[in-house]
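Quick look at input_30.cif (mmCIF, C-alpha atoms):
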```
data_input
loop_
_atom_site.label_atom_id
_atom_site.label_comp_id
_atom_site.auth_asym_id
_atom_site.auth_seq_id
_atom_site.Cartn_x
_atom_site.Cartn_y
_atom_site.Cartn_z
CA GLU A 1 3.67 92.11 42.56
CA PRO A 2 5.44 91.60 39.22
CA LEU A 3 3.60 91.25 35.93
CA TYR A 4 2.90 87.58 35.20
CA THR A 5 4.73 87.07 31.96
CA ASN A 6 5.02 83.30 32.30
CA ARG A 7 1.78 81.55 31.41
CA ARG A 8 2.01 79.21 34.40
CA ASP A 9 2.68 81.87 37.04
CA LEU A 10 -0.91 82.64 37.99
CA VAL A 11 -2.06 79.02 37.92
CA GLU A 12 0.82 77.83 40.08
CA LYS A 13 0.81 80.71 42.54
CA TYR A 14 -2.97 80.74 43.04
CA PRO A 15 -4.04 77.11 42.50
CA THR A 16 -7.46 77.51 44.09
CA TYR A 17 -8.59 80.70 42.36
CA GLU A 18 -11.71 79.91 40.36
CA ASP A 19 -10.80 82.36 37.59
CA ARG A 20 -7.08 81.57 37.37
CA TYR A 21 -7.45 80.07 33.89
CA ARG A 22 -9.46 83.04 32.71
CA MET A 23 -6.59 85.29 33.72
CA GLN A 24 -4.22 83.05 31.78
CA GLY A 25 -6.56 83.24 28.80
CA LEU A 26 -6.63 87.02 28.95
CA LEU A 27 -2.85 86.99 28.78
CA ALA A 28 -3.11 84.84 25.63
CA LEU A 29 -5.51 87.37 24.11
CA ALA A 30 -3.01 90.11 24.89
CA TYR A 31 -0.36 88.15 23.00
CA LEU A 32 -2.73 87.87 20.05
CA ARG A 33 -3.31 91.61 20.03
CA ALA A 34 0.45 92.02 19.97
CA GLY A 35 0.67 89.68 16.97
CA ASP A 36 2.38 86.88 18.90
CA LYS A 37 0.45 83.77 17.86
CA ALA A 38 3.40 81.53 18.68
CA ARG A 39 2.86 82.25 22.38
CA ALA A 40 -0.89 82.83 22.34
CA LEU A 41 -2.22 79.71 20.62
CA PRO A 42 -0.47 77.04 22.74
CA MET A 43 -1.60 78.96 25.82
CA LEU A 44 -5.21 79.03 24.65
CA ALA A 45 -5.07 75.32 23.81
CA GLU A 46 -4.29 74.66 27.47
CA VAL A 47 -6.71 77.23 28.87
CA ILE A 48 -9.75 75.78 27.11
CA LYS A 49 -9.16 72.46 28.86
CA HIS A 50 -10.36 74.34 31.94
CA ASP A 51 -12.32 77.35 30.67
CA ALA A 52 -13.52 77.36 27.07
CA VAL A 53 -16.37 79.83 27.47
CA SER A 54 -14.95 82.95 29.11
CA ASN A 55 -14.14 85.62 26.54
CA SER A 56 -14.96 83.02 23.87
CA PHE A 57 -11.50 81.51 24.35
CA ALA A 58 -12.27 78.35 22.35
CA ASP A 59 -13.87 80.27 19.49
CA VAL A 60 -10.88 82.61 19.36
CA TYR A 61 -8.58 79.60 19.13
CA VAL A 62 -10.62 78.14 16.24
CA ARG A 63 -10.57 81.44 14.38
CA GLU A 64 -6.91 82.22 14.90
CA ASN A 65 -5.47 78.77 14.26
CA GLY A 66 -6.15 78.97 10.52
CA THR A 67 -8.19 77.32 7.78
CA GLU A 68 -5.62 75.21 5.96
CA PRO A 69 -6.37 71.45 6.17
CA GLU A 70 -3.53 70.68 8.56
CA GLN A 71 -4.52 73.64 10.74
CA VAL A 72 -8.15 72.54 10.84
CA ALA A 73 -7.07 69.01 11.78
CA ALA A 74 -4.95 70.43 14.59
CA THR A 75 -7.84 72.59 15.80
CA GLU A 76 -10.12 69.57 15.84
CA ARG A 77 -7.62 67.69 18.01
CA VAL A 78 -7.34 70.62 20.42
CA LEU A 79 -11.14 70.88 20.77
CA ARG A 80 -11.44 67.12 21.28
CA ASN A 81 -8.75 67.18 23.95
CA ALA A 82 -10.48 70.09 25.65
CA LEU A 83 -13.79 68.24 25.56
CA SER A 84 -12.27 65.23 27.30
CA ALA A 85 -10.65 67.40 29.97
CA ASN A 86 -13.47 69.92 30.42
CA PRO A 87 -16.94 68.32 30.24
CA ARG A 88 -18.44 71.34 32.04
CA ASP A 89 -18.02 73.36 28.83
CA GLY A 90 -19.06 70.46 26.60
CA HIS A 91 -22.03 72.37 25.18
CA TYR A 92 -19.79 75.12 23.83
CA LEU A 93 -16.99 72.84 22.62
CA ARG A 94 -19.44 70.56 20.80
CA TYR A 95 -21.13 73.58 19.26
CA LEU A 96 -17.79 74.78 17.88
CA LEU A 97 -16.84 71.32 16.65
CA GLY A 98 -20.15 70.89 14.89
CA PHE A 99 -20.58 74.29 13.31
CA ARG A 100 -17.12 75.82 12.99
CA ILE A 101 -15.13 72.70 12.15
CA TYR A 102 -17.35 70.04 10.59
CA ARG A 103 -19.98 72.21 8.90
CA ASP A 104 -18.08 75.39 8.00
CA ARG A 105 -14.48 74.25 7.56
CA LEU A 106 -14.86 70.63 6.40
CA LYS A 107 -18.36 70.80 4.83
CA ASP A 108 -19.09 67.38 6.33
CA ASP A 109 -22.64 67.08 7.64
CA ALA A 110 -22.13 63.41 8.50
CA ARG A 111 -19.67 64.48 11.20
CA VAL A 112 -21.91 67.25 12.47
CA ARG A 113 -24.74 64.89 13.40
CA PRO A 114 -23.06 62.75 16.09
CA VAL A 115 -21.54 65.82 17.75
CA PHE A 116 -24.90 67.57 17.98
CA ARG A 117 -26.59 64.40 19.19
CA GLU A 118 -24.01 64.25 21.96
CA LEU A 119 -24.71 67.89 22.75
CA ILE A 120 -28.44 67.21 23.13
CA ALA A 121 -27.97 64.01 25.13
CA GLN A 122 -25.00 64.98 27.29
CA SER A 123 -24.59 68.74 27.51
CA PRO A 124 -27.76 70.65 26.59
CA HIS A 125 -27.36 74.32 27.43
CA ASP A 126 -29.05 77.52 26.31
CA SER A 127 -28.95 78.61 22.68
CA TYR A 128 -26.24 76.10 21.78
CA ALA A 129 -28.68 73.22 22.30
CA ARG A 130 -31.43 75.07 20.46
CA GLU A 131 -29.25 75.62 17.40
CA ALA A 132 -28.01 72.02 17.47
CA LEU A 133 -31.55 70.65 17.71
CA GLU A 134 -32.85 72.88 14.94
CA TRP A 135 -29.96 71.89 12.67
CA LEU A 136 -30.60 68.19 13.28
CA LEU A 137 -34.33 68.46 12.59
CA ASP A 138 -33.83 70.67 9.53
CA ASN A 139 -31.20 68.34 8.06
CA SER A 140 -32.53 64.86 8.86
CA LEU A 141 -32.09 62.44 5.97
CA THR A 142 -34.89 60.00 6.78
CA ASP A 143 -38.09 59.88 8.80
CA SER A 144 -36.58 57.36 11.18
CA GLU A 145 -33.59 59.63 11.76
CA PHE A 146 -35.91 62.55 12.38
CA ARG A 147 -38.01 60.58 14.87
CA ALA A 148 -34.88 59.41 16.68
CA ASP A 149 -33.65 62.98 17.07
CA VAL A 150 -37.06 64.09 18.37
CA THR A 151 -37.02 61.24 20.88
CA ARG A 152 -33.45 62.09 21.93
CA TYR A 153 -34.46 65.66 22.66
CA ILE A 154 -37.60 64.63 24.55
CA THR A 155 -35.56 62.28 26.73
CA SER A 156 -33.02 65.02 27.38
CA ARG A 157 -35.76 67.52 28.13
CA LYS A 158 -37.22 65.31 30.86
CA GLU A 159 -33.77 64.96 32.43
CA ASN A 160 -33.14 68.72 32.27
CA LEU A 161 -36.44 70.39 33.03
CA HIS A 162 -34.58 72.77 35.31
CA PHE A 163 -32.85 74.40 32.32
CA SER A 164 -34.75 77.59 31.73
CA GLY A 165 -36.52 77.56 28.38
CA TYR A 166 -35.13 74.18 27.29
CA HIS A 167 -38.59 72.62 27.35
CA ARG A 168 -39.71 75.02 24.58
CA TYR A 169 -37.11 74.22 21.95
CA LEU A 170 -39.04 71.52 20.11
CA SER A 171 -42.40 73.29 20.32
CA ASP A 172 -40.77 76.45 18.98
CA TRP A 173 -39.32 74.46 16.08
CA VAL A 174 -42.77 72.95 15.36
CA THR A 175 -44.34 76.41 15.22
CA LYS A 176 -41.82 77.56 12.61
CA ALA A 177 -41.84 74.28 10.67
CA ARG A 178 -45.60 74.46 10.15
CA GLN A 179 -45.03 77.56 8.04
CA ARG A 180 -42.28 76.03 5.89
CA GLU A 181 -42.80 74.17 2.66
CA GLY A 182 -41.58 70.59 2.97
CA PHE A 183 -41.57 70.54 6.77
CA ARG A 184 -45.27 70.35 7.64
CA ASP A 185 -45.33 66.54 7.86
CA LYS A 186 -42.33 66.60 10.16
CA ALA A 187 -44.00 69.28 12.25
CA ARG A 188 -47.03 67.01 12.70
CA ILE A 189 -44.82 64.09 13.75
CA ALA A 190 -42.90 66.21 16.24
CA ALA A 191 -46.08 67.77 17.64
CA ALA A 192 -47.64 64.35 18.20
CA GLU A 193 -44.51 63.07 19.98
CA LEU A 194 -44.40 66.21 22.09
CA LYS A 195 -48.05 65.86 23.09
CA THR A 196 -47.42 62.29 24.25
CA ALA A 197 -44.33 63.36 26.18
CA ASN A 198 -46.23 66.17 27.90
CA ASN A 199 -48.67 63.60 29.30
CA ASP A 200 -45.85 62.06 31.32
CA VAL A 201 -46.67 62.60 35.01
CA ILE A 202 -43.41 64.32 35.98
CA THR A 203 -43.13 66.41 32.83
CA GLY A 204 -46.79 67.37 32.94
CA LEU A 205 -46.62 68.54 36.55
CA TRP A 206 -43.46 70.53 35.92
CA LEU A 207 -44.93 72.26 32.87
CA LYS A 208 -48.15 73.00 34.76
CA TYR A 209 -46.38 74.76 37.59
CA TYR A 210 -43.82 76.40 35.30
CA PHE A 211 -46.50 78.13 33.29
CA GLN A 212 -48.36 79.13 36.46
CA ASP A 213 -45.26 81.02 37.55
CA THR A 214 -44.62 82.79 34.23
#
```
Could you show the structure in this file as structure tokens?
Amino acid sequence: EPLYTNRRDLVEKYPTYEDRYRMQGLLALAYLRAGDKARALPMLAEVIKHDAVSNSFADVYVRENGTEPEQVAATERVLRNALSANPRDGHYLRYLLGFRIYRDRLKDDARVRPVFRELIAQSPHDSYAREALEWLLDNSLTDSEFRADVTRYITSRKENLHFSGYHRYLSDWVTKARQREGFRDKARIAAAELKTANNDVITGLWLKYYFQDT
């Protein structure tokens, strides 16, 4: 078999291979190591529409595409396009949009909030959801905003009880917030909302049997 030097070769020849886009992404990383961004970046922009997570393809794209305003704007468009095409990796793409683009590159907290609220409501997953939730609760501007974010998480938690550890994210935040100056009142609010939510029949039963098994 010849070496696949054309970025479409693997995808077209093996259209049902689950990891075909990962292989294409690895080729893009090889181009980057060779200093060929002109070939690597367009390839990665296409790959992350199908696989953003493997080998941190989307994060590599964000890092390598530059920090000048026009480059950041282009990166944002690429991530948004990938999010539309690849909802399976929405947790990771929203995490990158929120932290890498809006917080770190643009210094725009107002644009971070809706992305992280989407992450919690639509694509909660592992540590990405934990970091998004903690950022929202730490950076809420008003009590009503804080309460709304707590409620959003609690609703999402009930819908995703099967996600290992997800049910602990708010209680873990409360434990830390109780020790922080300026956050104790918010910790009390969140704890009270969490206590009420845990009295829900479905949630309560799930938590009961979860902790019996751990």
Could you check how far CA of Leu106 (chain A) sits from CA of Glu134 (chain A), in Å to one decimal?
-> 20.0 Å
Applied to this file, what does the PyMOL selection byres ((chain A and resi 51-61) around 10) return in terms of residues, put as a PyMOL selection string?
-> chain A and resi 19-26+28-29+32+40-50+62-66+75+78-79+82-83+86+88-93+95-97+100
What lies within 8 Å of Val112 (chain A) using all atoms listed in the file, ignoring chain neighbours under 3 positions off, as a ChimeraX atom specification?
-> /A:97-99,102-103,108-109,115-116
Rank nothing, just name the residue among A:Glu131, A:Arg39, A:Asn139, A:His125 nearest to Leu27 (chain A), using all atoms listed in the file.
->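 Smallest separation from Leu27 (chain A) among the options: A:Arg39.
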Result set of the PyMOL selection byres ((chain A and resi 187) around 10) on the coordinates above, as a PyMOL selection string | chain A and resi 137+170-171+173-180+182-186+188-193
Residue IDs satisfying the PyMOL selection byres ((chain A and resi 150) around 9), as a ChimeraX atom specification = /A:133,137,145-149,151-155,170,190,193-194
Residue nearest Gln71 (chain A) among A:Arg105, A:Ala129, A:Ala30, A:Ser156 (counting only C-alpha atoms) |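 Among A:Arg105, A:Ala129, A:Ala30, A:Ser156, it is A:Arg105 that comes nearest to Gln71 (chain A).
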Using all atoms listed in the file, find the one residue out of A:Leu141, A:Ile101, A:Leu207, A:Val201 that sits nearest to Tyr166 (chain A).
->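 Answer, going by the shortest atom-to-atom distance: A:Leu207.
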Can you tell me how far CA of Arg157 (chain A) sits from CA of Asn198 (chain A), in Å to one decimal?
-> 10.6 Å
Which distance in Å separates CA of Leu136 (chain A) and CA of Pro87 (chain A), to one decimal?
->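 Computing it gives 21.8 Å between the two atoms.
Between Leu161 (chain A) and the residues A:Val72, A:Thr203, A:Lys107, A:Pro114, the shortest atom-to-atom distance, using all atoms listed in the file, involves A:Thr203.
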